[in-house]
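Have a look at my_file_16.pdb; it's PDB, C-alpha atoms:
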ATOM      1  CA  MET A  20      11.499  -9.004  31.937  1.00  0.00           C
ATOM      2  CA  THR A  21      12.779  -6.000  30.018  1.00  0.00           C
ATOM      3  CA  GLN A  22      10.199  -4.473  27.696  1.00  0.00           C
ATOM      4  CA  ILE A  23      11.615  -4.486  24.167  1.00  0.00           C
ATOM      5  CA  THR A  24       9.746  -3.096  21.169  1.00  0.00           C
ATOM      6  CA  PHE A  25      10.699  -4.750  17.893  1.00  0.00           C
ATOM      7  CA  VAL A  26      10.772  -2.686  14.707  1.00  0.00           C
ATOM      8  CA  ILE A  27      10.711  -4.576  11.405  1.00  0.00           C
ATOM      9  CA  PRO A  28      11.216  -2.126   8.518  1.00  0.00           C
ATOM     10  CA  ALA A  29       9.247  -3.526   5.581  1.00  0.00           C
ATOM     11  CA  ALA A  30       8.350  -0.422   3.603  1.00  0.00           C
ATOM     12  CA  GLY A  31      11.161  -0.591   1.061  1.00  0.00           C
ATOM     13  CA  ALA A  32      10.561  -1.136  -2.651  1.00  0.00           C
ATOM     14  CA  SER A  33      12.722  -4.281  -3.037  1.00  0.00           C
ATOM     15  CA  ARG A  34      14.014  -2.789  -6.309  1.00  0.00           C
ATOM     16  CA  ARG A  35      17.076  -5.033  -6.537  1.00  0.00           C
ATOM     17  CA  MET A  36      14.792  -8.079  -6.900  1.00  0.00           C
ATOM     18  CA  GLY A  37      13.352  -6.986 -10.239  1.00  0.00           C
ATOM     19  CA  ASP A  38       9.702  -8.046 -10.469  1.00  0.00           C
ATOM     20  CA  ARG A  39       9.873 -10.182  -7.298  1.00  0.00           C
ATOM     21  CA  ASP A  40       9.245  -9.057  -3.726  1.00  0.00           C
ATOM     22  CA  LYS A  41      11.967 -10.456  -1.489  1.00  0.00           C
ATOM     23  CA  LEU A  42       9.752 -10.224   1.587  1.00  0.00           C
ATOM     24  CA  LEU A  43       7.190 -12.534  -0.001  1.00  0.00           C
ATOM     25  CA  GLU A  44       9.717 -15.212  -0.965  1.00  0.00           C
ATOM     26  CA  PRO A  45       8.822 -18.525   0.722  1.00  0.00           C
ATOM     27  CA  VAL A  46      11.039 -19.660   3.582  1.00  0.00           C
ATOM     28  CA  ASP A  47      10.089 -22.616   5.784  1.00  0.00           C
ATOM     29  CA  GLY A  48       6.722 -22.733   4.049  1.00  0.00           C
ATOM     30  CA  VAL A  49       5.677 -19.113   4.670  1.00  0.00           C
ATOM     31  CA  ALA A  50       6.508 -15.693   3.272  1.00  0.00           C
ATOM     32  CA  LEU A  51       9.805 -14.390   4.638  1.00  0.00           C
ATOM     33  CA  LEU A  52       8.161 -11.343   6.225  1.00  0.00           C
ATOM     34  CA  ARG A  53       5.614 -13.477   8.072  1.00  0.00           C
ATOM     35  CA  GLY A  54       8.323 -15.798   9.394  1.00  0.00           C
ATOM     36  CA  VAL A  55      10.451 -12.916  10.659  1.00  0.00           C
ATOM     37  CA  ALA A  56       7.428 -11.302  12.330  1.00  0.00           C
ATOM     38  CA  ALA A  57       6.399 -14.584  13.950  1.00  0.00           C
ATOM     39  CA  ARG A  58       9.867 -15.065  15.433  1.00  0.00           C
ATOM     40  CA  ALA A  59       9.773 -11.515  16.782  1.00  0.00           C
ATOM     41  CA  LEU A  60       6.390 -12.161  18.414  1.00  0.00           C
ATOM     42  CA  ALA A  61       7.796 -15.269  20.074  1.00  0.00           C
ATOM     43  CA  VAL A  62      10.118 -13.105  22.158  1.00  0.00           C
ATOM     44  CA  SER A  63       8.310  -9.744  22.418  1.00  0.00           C
ATOM     45  CA  ASN A  64       4.711  -8.664  22.948  1.00  0.00           C
ATOM     46  CA  ASP A  65       5.219  -5.436  20.986  1.00  0.00           C
ATOM     47  CA  VAL A  66       6.216  -5.776  17.343  1.00  0.00           C
ATOM     48  CA  ILE A  67       5.945  -2.947  14.824  1.00  0.00           C
ATOM     49  CA  VAL A  68       6.072  -3.642  11.086  1.00  0.00           C
ATOM     50  CA  THR A  69       6.328  -0.701   8.716  1.00  0.00           C
ATOM     51  CA  LEU A  70       4.651  -1.007   5.317  1.00  0.00           C
ATOM     52  CA  PRO A  71       4.398   1.278   2.277  1.00  0.00           C
ATOM     53  CA  SER A  72       0.658   1.675   2.931  1.00  0.00           C
ATOM     54  CA  ASP A  73      -2.253   0.125   4.822  1.00  0.00           C
ATOM     55  CA  SER A  74      -3.428  -1.639   1.677  1.00  0.00           C
ATOM     56  CA  HIS A  75      -0.047  -2.899   0.485  1.00  0.00           C
ATOM     57  CA  HIS A  76       0.062  -6.552  -0.523  1.00  0.00           C
ATOM     58  CA  ARG A  77       2.639  -7.308   2.171  1.00  0.00           C
ATOM     59  CA  ALA A  78      -0.060  -6.725   4.779  1.00  0.00           C
ATOM     60  CA  GLU A  79      -1.830  -9.877   3.596  1.00  0.00           C
ATOM     61  CA  VAL A  80       0.972 -12.155   4.788  1.00  0.00           C
ATOM     62  CA  LEU A  81       0.750 -10.623   8.274  1.00  0.00           C
ATOM     63  CA  GLU A  82      -2.922 -11.495   8.744  1.00  0.00           C
ATOM     64  CA  GLY A  83      -3.560 -13.149  12.104  1.00  0.00           C
ATOM     65  CA  LEU A  84      -0.311 -11.929  13.636  1.00  0.00           C
ATOM     66  CA  ALA A  85      -0.523  -9.498  16.560  1.00  0.00           C
ATOM     67  CA  VAL A  86       1.838  -6.944  15.049  1.00  0.00           C
ATOM     68  CA  ARG A  87       1.283  -3.200  14.772  1.00  0.00           C
ATOM     69  CA  GLN A  88       1.335  -2.182  11.123  1.00  0.00           C
ATOM     70  CA  ILE A  89       2.473   1.375  10.478  1.00  0.00           C
ATOM     71  CA  PRO A  90       2.192   2.905   6.997  1.00  0.00           C
ATOM     72  CA  VAL A  91       5.133   4.917   5.700  1.00  0.00           C
ATOM     73  CA  PRO A  92       3.825   7.288   3.012  1.00  0.00           C
ATOM     74  CA  ASP A  93       7.308   8.735   2.481  1.00  0.00           C
ATOM     75  CA  ALA A  94       8.975   5.332   2.128  1.00  0.00           C
ATOM     76  CA  ALA A  95      10.756   6.551  -1.000  1.00  0.00           C
ATOM     77  CA  ASP A  96      12.985   8.602   1.311  1.00  0.00           C
ATOM     78  CA  GLY A  97      14.724   5.374   2.339  1.00  0.00           C
ATOM     79  CA  MET A  98      15.143   3.309   5.481  1.00  0.00           C
ATOM     80  CA  SER A  99      15.181   6.448   7.600  1.00  0.00           C
ATOM     81  CA  ALA A 100      11.483   7.022   6.893  1.00  0.00           C
ATOM     82  CA  SER A 101      10.538   3.617   8.300  1.00  0.00           C
ATOM     83  CA  LEU A 102      12.619   4.188  11.396  1.00  0.00           C
ATOM     84  CA  ARG A 103      11.211   7.672  11.997  1.00  0.00           C
ATOM     85  CA  HIS A 104       7.604   6.496  11.788  1.00  0.00           C
ATOM     86  CA  ALA A 105       8.184   3.344  13.826  1.00  0.00           C
ATOM     87  CA  THR A 106      10.143   4.882  16.674  1.00  0.00           C
ATOM     88  CA  ALA A 107       7.537   7.628  17.007  1.00  0.00           C
ATOM     89  CA  ALA A 108       5.107   4.832  17.934  1.00  0.00           C
ATOM     90  CA  VAL A 109       7.277   3.201  20.597  1.00  0.00           C
ATOM     91  CA  PRO A 110       5.328   3.071  23.884  1.00  0.00           C
ATOM     92  CA  ASP A 111       6.512   4.912  26.982  1.00  0.00           C
ATOM     93  CA  ASN A 112       7.099   1.679  28.897  1.00  0.00           C
ATOM     94  CA  ALA A 113       9.622   0.363  26.382  1.00  0.00           C
ATOM     95  CA  GLU A 114      13.199   0.157  27.627  1.00  0.00           C
ATOM     96  CA  GLY A 115      14.776  -0.694  24.305  1.00  0.00           C
ATOM     97  CA  VAL A 116      13.996  -0.859  20.595  1.00  0.00           C
ATOM     98  CA  LEU A 117      15.314  -3.765  18.550  1.00  0.00           C
ATOM     99  CA  ILE A 118      15.701  -3.073  14.836  1.00  0.00           C
ATOM    100  CA  LEU A 119      15.165  -6.342  12.969  1.00  0.00           C
ATOM    101  CA  PRO A 120      15.646  -6.258   9.181  1.00  0.00           C
ATOM    102  CA  ALA A 121      12.886  -8.133   7.382  1.00  0.00           C
ATOM    103  CA  ASP A 122      15.186  -9.880   4.879  1.00  0.00           C
ATOM    104  CA  MET A 123      17.278 -11.987   7.284  1.00  0.00           C
ATOM    105  CA  PRO A 124      15.970 -15.579   7.276  1.00  0.00           C
ATOM    106  CA  ASP A 125      18.720 -17.133   9.380  1.00  0.00           C
ATOM    107  CA  LEU A 126      18.044 -15.238  12.605  1.00  0.00           C
ATOM    108  CA  THR A 127      16.353 -17.543  15.113  1.00  0.00           C
ATOM    109  CA  GLU A 128      14.299 -16.966  18.237  1.00  0.00           C
ATOM    110  CA  ASP A 129      17.320 -18.030  20.288  1.00  0.00           C
ATOM    111  CA  ASP A 130      19.460 -15.437  18.489  1.00  0.00           C
ATOM    112  CA  LEU A 131      16.960 -12.712  19.345  1.00  0.00           C
ATOM    113  CA  ARG A 132      16.800 -13.833  22.963  1.00  0.00           C
ATOM    114  CA  GLN A 133      20.609 -13.796  23.179  1.00  0.00           C
ATOM    115  CA  VAL A 134      20.768 -10.174  22.017  1.00  0.00           C
ATOM    116  CA  ILE A 135      18.012  -9.182  24.447  1.00  0.00           C
ATOM    117  CA  GLN A 136      19.772 -10.976  27.288  1.00  0.00           C
ATOM    118  CA  ALA A 137      22.931  -8.977  26.621  1.00  0.00           C
ATOM    119  CA  PHE A 138      20.869  -5.785  26.764  1.00  0.00           C
ATOM    120  CA  GLU A 139      19.328  -6.850  30.077  1.00  0.00           C
ATOM    121  CA  ASP A 140      22.710  -7.834  31.516  1.00  0.00           C
ATOM    122  CA  ALA A 141      23.938  -4.315  30.742  1.00  0.00           C
ATOM    123  CA  SER A 142      20.949  -2.830  32.619  1.00  0.00           C
ATOM    124  CA  GLY A 143      19.458  -1.443  29.412  1.00  0.00           C
ATOM    125  CA  GLU A 144      21.977   1.377  29.230  1.00  0.00           C
ATOM    126  CA  PHE A 145      24.022   0.163  26.262  1.00  0.00           C
ATOM    127  CA  LEU A 146      23.394  -0.435  22.580  1.00  0.00           C
ATOM    128  CA  VAL A 147      23.725  -4.098  21.636  1.00  0.00           C
ATOM    129  CA  GLN A 148      24.707  -5.162  18.126  1.00  0.00           C
ATOM    130  CA  ALA A 149      24.780  -8.727  16.880  1.00  0.00           C
ATOM    131  CA  THR A 150      27.789  -9.923  14.898  1.00  0.00           C
ATOM    132  CA  GLY A 151      28.709 -12.940  12.867  1.00  0.00           C
ATOM    133  CA  ALA A 152      30.679 -15.684  14.577  1.00  0.00           C
ATOM    134  CA  ASP A 153      33.838 -13.994  13.235  1.00  0.00           C
ATOM    135  CA  GLY A 154      32.943 -10.657  14.852  1.00  0.00           C
ATOM    136  CA  THR A 155      31.715  -8.898  11.697  1.00  0.00           C
ATOM    137  CA  PRO A 156      29.054  -6.340  12.764  1.00  0.00           C
ATOM    138  CA  GLY A 157      25.525  -7.190  11.667  1.00  0.00           C
ATOM    139  CA  HIS A 158      21.925  -7.230  12.888  1.00  0.00           C
ATOM    140  CA  PRO A 159      19.796  -6.975  14.906  1.00  0.00           C
ATOM    141  CA  VAL A 160      20.662  -3.937  17.017  1.00  0.00           C
ATOM    142  CA  ILE A 161      18.984  -2.797  20.235  1.00  0.00           C
ATOM    143  CA  PHE A 162      18.863   0.919  21.021  1.00  0.00           C
ATOM    144  CA  PRO A 163      18.015   2.222  24.510  1.00  0.00           C
ATOM    145  CA  THR A 164      14.924   4.394  24.390  1.00  0.00           C
ATOM    146  CA  ASP A 165      16.830   7.480  25.548  1.00  0.00           C
ATOM    147  CA  LEU A 166      18.074   7.627  21.947  1.00  0.00           C
ATOM    148  CA  MET A 167      14.630   7.694  20.335  1.00  0.00           C
ATOM    149  CA  SER A 168      14.679  11.461  19.754  1.00  0.00           C
ATOM    150  CA  GLU A 169      17.721  10.979  17.513  1.00  0.00           C
ATOM    151  CA  PHE A 170      15.705   8.816  15.135  1.00  0.00           C
ATOM    152  CA  GLU A 171      13.568  11.845  14.286  1.00  0.00           C
ATOM    153  CA  LEU A 172      16.604  13.386  12.582  1.00  0.00           C
ATOM    154  CA  LEU A 173      17.482  10.436  10.329  1.00  0.00           C
ATOM    155  CA  THR A 174      17.542  10.941   6.561  1.00  0.00           C
ATOM    156  CA  GLY A 175      18.342   8.796   3.553  1.00  0.00           C
ATOM    157  CA  ASP A 176      18.808   5.054   3.322  1.00  0.00           C
ATOM    158  CA  ALA A 177      21.614   4.439   5.813  1.00  0.00           C
ATOM    159  CA  GLY A 178      19.256   3.370   8.587  1.00  0.00           C
ATOM    160  CA  ALA A 179      20.417   4.128  12.106  1.00  0.00           C
ATOM    161  CA  ARG A 180      24.116   3.906  11.283  1.00  0.00           C
ATOM    162  CA  THR A 181      24.769   7.507  12.297  1.00  0.00           C
ATOM    163  CA  ILE A 182      23.240   6.918  15.729  1.00  0.00           C
ATOM    164  CA  LEU A 183      25.240   3.723  16.150  1.00  0.00           C
ATOM    165  CA  ASN A 184      28.499   5.428  15.192  1.00  0.00           C
ATOM    166  CA  ALA A 185      27.857   8.387  17.492  1.00  0.00           C
ATOM    167  CA  ASN A 186      27.341   6.057  20.436  1.00  0.00           C
ATOM    168  CA  ARG A 187      30.187   3.606  19.973  1.00  0.00           C
ATOM    169  CA  HIS A 188      31.357   4.424  23.494  1.00  0.00           C
ATOM    170  CA  ARG A 189      28.290   2.598  24.811  1.00  0.00           C
ATOM    171  CA  LEU A 190      28.146  -0.255  22.285  1.00  0.00           C
ATOM    172  CA  ILE A 191      28.263  -3.947  23.172  1.00  0.00           C
ATOM    173  CA  ARG A 192      28.598  -6.606  20.497  1.00  0.00           C
ATOM    174  CA  VAL A 193      27.270 -10.153  20.733  1.00  0.00           C
ATOM    175  CA  ALA A 194      28.431 -12.926  18.400  1.00  0.00           C
ATOM    176  CA  LEU A 195      25.696 -15.133  16.957  1.00  0.00           C
ATOM    177  CA  PRO A 196      26.269 -18.530  15.296  1.00  0.00           C
ATOM    178  CA  GLY A 197      27.684 -18.701  11.796  1.00  0.00           C
ATOM    179  CA  GLU A 198      26.441 -15.858   9.617  1.00  0.00           C
ATOM    180  CA  HIS A 199      23.000 -15.549  11.233  1.00  0.00           C
ATOM    181  CA  ALA A 200      23.582 -11.842  11.890  1.00  0.00           C
ATOM    182  CA  LEU A 201      24.954 -11.188   8.402  1.00  0.00           C
ATOM    183  CA  THR A 202      22.795 -13.025   5.878  1.00  0.00           C
ATOM    184  CA  ASP A 203      20.394 -10.652   4.158  1.00  0.00           C
ATOM    185  CA  LEU A 204      18.771 -11.579   0.873  1.00  0.00           C
ATOM    186  CA  ASP A 205      18.006  -8.638  -1.387  1.00  0.00           C
ATOM    187  CA  THR A 206      18.989  -9.819  -4.881  1.00  0.00           C
ATOM    188  CA  PRO A 207      17.961 -12.838  -6.998  1.00  0.00           C
ATOM    189  CA  ASP A 208      21.545 -14.125  -6.934  1.00  0.00           C
ATOM    190  CA  ALA A 209      21.624 -13.972  -3.133  1.00  0.00           C
ATOM    191  CA  TRP A 210      18.434 -16.017  -3.000  1.00  0.00           C
ATOM    192  CA  ILE A 211      19.783 -18.614  -5.439  1.00  0.00           C
ATOM    193  CA  LEU A 212      22.949 -19.061  -3.380  1.00  0.00           C
ATOM    194  CA  TRP A 213      21.052 -19.194  -0.077  1.00  0.00           C
ATOM    195  CA  ARG A 214      18.583 -21.785  -1.371  1.00  0.00           C
ATOM    196  CA  ALA A 215      21.453 -23.902  -2.707  1.00  0.00           C
ATOM    197  CA  ASN A 216      22.994 -23.905   0.755  1.00  0.00           C
ATOM    198  CA  ASN A 217      19.650 -24.421   2.519  1.00  0.00           C
ATOM    199  CA  PRO A 218      17.719 -26.916   0.366  1.00  0.00           C
ATOM    200  CA  ASP A 219      15.364 -27.906   3.222  1.00  0.00           C
ATOM    201  CA  ARG A 220      14.077 -24.385   3.728  1.00  0.00           C
TER     202      ARG A 220
END
What would the structure in this file look like if it were written as structure tokens?
Amino acid sequence: MTQITFVIPAAGASRRMGDRDKLLEPVDGVALLRGVAARALAVSNDVIVTLPSDSHHRAEVLEGLAVRQIPVPDAADGMSASLRHATAAVPDNAEGVLILPADMPDLTEDDLRQVIQAFEDASGEFLVQATGADGTPGHPVIFPTDLMSEFELLTGDAGARTILNANRHRLIRVALPGEHALTDLDTPDAWILWRANNPDR
């Protein structure tokens, strides 16, 4: 099986949530961050979670999970800081790195396996990006490890978008059910709407 390292960026400040931390919101009976990490561990034996610091309160919800926690002291620089620190820790035997946003509750284990399968089918030489059922680009995205050096150059809060755009000639897209690849919850209003549509979760 292809060795995929998961990276879950969780060092952001969650400023748009006011005094609430979106990654600690309960989903399916556990904090969102814990649920996302658990699903990642179900399909990969190497999961990295970035945090603002070793002692940050988000670390508490990861207790007992076999994830690698990496502190990001320069998290204020934006998403790029998380990605720089995480990709620097990717092991040599990894063939791909899957970037999994921590605020996407609808992604399932089957969704993650489908994206990985597409990467394997393409012999690990192509980027694979999940889309909504309608083809709208979303997450997660797998990057071949030959692109890891490019992550060192990232700046700001745009994530790996520049790397994705520069490598569109080797990009494969995979449609996931509904809006699984699109639903991210980073404002109180988004949470209210999502809970109204998902009362059992």
### Task
Just say which residues the PyMOL selection byres ((chain A and resi 138) around 12) picks in this file, as a PyMOL selection string.
chain A and resi 20-23+114-117+131-137+139-149+159-163+189-193
#### Entry: Test item: residues at most 12 Å from Pro124 of chain A, only C-alpha atoms, excluding those fewer than 3 positions along its chain, as a PyMOL selection string
chain A and resi 41-47+49-58+119-121+127-128+130+158+198-205+209-210+213-214+217+220
Would you write out those residues with C-alpha atoms, as a CSV table (one decimal), keeping the file's coordinate frame?
chain,number,residue,atom,x,y,z
A,41,LYS,CA,12.0,-10.5,-1.5
A,42,LEU,CA,9.8,-10.2,1.6
A,43,LEU,CA,7.2,-12.5,0.0
A,44,GLU,CA,9.7,-15.2,-1.0
A,45,PRO,CA,8.8,-18.5,0.7
A,46,VAL,CA,11.0,-19.7,3.6
A,47,ASP,CA,10.1,-22.6,5.8
A,49,VAL,CA,5.7,-19.1,4.7
A,50,ALA,CA,6.5,-15.7,3.3
A,51,LEU,CA,9.8,-14.4,4.6
A,52,LEU,CA,8.2,-11.3,6.2
A,53,ARG,CA,5.6,-13.5,8.1
A,54,GLY,CA,8.3,-15.8,9.4
A,55,VAL,CA,10.5,-12.9,10.7
A,56,ALA,CA,7.4,-11.3,12.3
A,57,ALA,CA,6.4,-14.6,14.0
A,58,ARG,CA,9.9,-15.1,15.4
A,119,LEU,CA,15.2,-6.3,13.0
A,120,PRO,CA,15.6,-6.3,9.2
A,121,ALA,CA,12.9,-8.1,7.4
A,127,THR,CA,16.4,-17.5,15.1
A,128,GLU,CA,14.3,-17.0,18.2
A,130,ASP,CA,19.5,-15.4,18.5
A,158,HIS,CA,21.9,-7.2,12.9
A,198,GLU,CA,26.4,-15.9,9.6
A,199,HIS,CA,23.0,-15.5,11.2
A,200,ALA,CA,23.6,-11.8,11.9
A,201,LEU,CA,25.0,-11.2,8.4
A,202,THR,CA,22.8,-13.0,5.9
A,203,ASP,CA,20.4,-10.7,4.2
A,204,LEU,CA,18.8,-11.6,0.9
A,205,ASP,CA,18.0,-8.6,-1.4
A,209,ALA,CA,21.6,-14.0,-3.1
A,210,TRP,CA,18.4,-16.0,-3.0
A,213,TRP,CA,21.1,-19.2,-0.1
A,214,ARG,CA,18.6,-21.8,-1.4
A,217,ASN,CA,19.6,-24.4,2.5
A,220,ARG,CA,14.1,-24.4,3.7
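Across the model, the gap from atom CA of Asp65 of chain A to atom CA of Leu166 of chain A is 18.4 Å.
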Report as a PDB file with C-alpha atoms, in the frame of the given file the residues that result from applying the PyMOL selection byres ((chain A and resi 176) around 7) to the structure here.
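Just written: selection-v7.pdb:
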ATOM      1  CA  GLY A  97      14.724   5.374   2.339  1.00  0.00           C
ATOM      2  CA  MET A  98      15.143   3.309   5.481  1.00  0.00           C
ATOM      3  CA  SER A  99      15.181   6.448   7.600  1.00  0.00           C
ATOM      4  CA  THR A 174      17.542  10.941   6.561  1.00  0.00           C
ATOM      5  CA  GLY A 175      18.342   8.796   3.553  1.00  0.00           C
ATOM      6  CA  ALA A 177      21.614   4.439   5.813  1.00  0.00           C
ATOM      7  CA  GLY A 178      19.256   3.370   8.587  1.00  0.00           C
TER       8      GLY A 178
END
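Nearest to Gly151 of chain A of all the residues A:Val66, A:Leu195, A:Ala185, A:Leu60 is A:Leu195, counting only C-alpha atoms.
Of the residues listed (A:Arg77, A:Arg103, A:Arg39, A:Arg187), A:Arg103 shows the shortest atom-to-atom separation from Glu171 of chain A; distances use only C-alpha atoms.
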### Query
For the atom pair atom CA of Pro71 of chain A and atom CA of Gly31 of chain A, what is the interatomic distance in Å to one decimal place?
7.1 Å
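Taking only C-alpha atoms into account, Val62 of chain A lies nearest to A:Thr24 out of the set A:Thr155, A:Thr24, A:Ser74, A:Ser33.
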#### Entry: Coordinates-based distance that separates atom CA of Ala113 of chain A from atom CA of Ala194 of chain A (Å, one decimal)
24.4 Å
### Task
Tell me, as JSON, numbers by chain, which residues lie within 9 Å of Val68 of chain A, counting only C-alpha atoms; anything in the same chain fewer than 4 positions away does not count.
{"A": [25, 26, 27, 28, 29, 30, 56, 86, 87, 88, 89, 90, 101, 105, 121]}
Saved selection, atoms kept: C-alpha atoms, as a CSV table (one decimal), keeping the file's coordinate frame:
chain,number,residue,atom,x,y,z
A,25,PHE,CA,10.7,-4.8,17.9
A,26,VAL,CA,10.8,-2.7,14.7
A,27,ILE,CA,10.7,-4.6,11.4
A,28,PRO,CA,11.2,-2.1,8.5
A,29,ALA,CA,9.2,-3.5,5.6
A,30,ALA,CA,8.4,-0.4,3.6
A,56,ALA,CA,7.4,-11.3,12.3
A,86,VAL,CA,1.8,-6.9,15.0
A,87,ARG,CA,1.3,-3.2,14.8
A,88,GLN,CA,1.3,-2.2,11.1
A,89,ILE,CA,2.5,1.4,10.5
A,90,PRO,CA,2.2,2.9,7.0
A,101,SER,CA,10.5,3.6,8.3
A,105,ALA,CA,8.2,3.3,13.8
A,121,ALA,CA,12.9,-8.1,7.4
### Query
Which one is closest to Ala85 of chain A: A:Ala152, A:Val109, A:Leu102, A:Ala59? Count all atoms listed in the file.
A:Ala59
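For the set A:Ala32, A:Ile211, A:Leu126, A:Ala179, the residue with the smallest atom-to-atom gap to Ala95 of chain A is A:Ala32, counting all atoms listed in the file.
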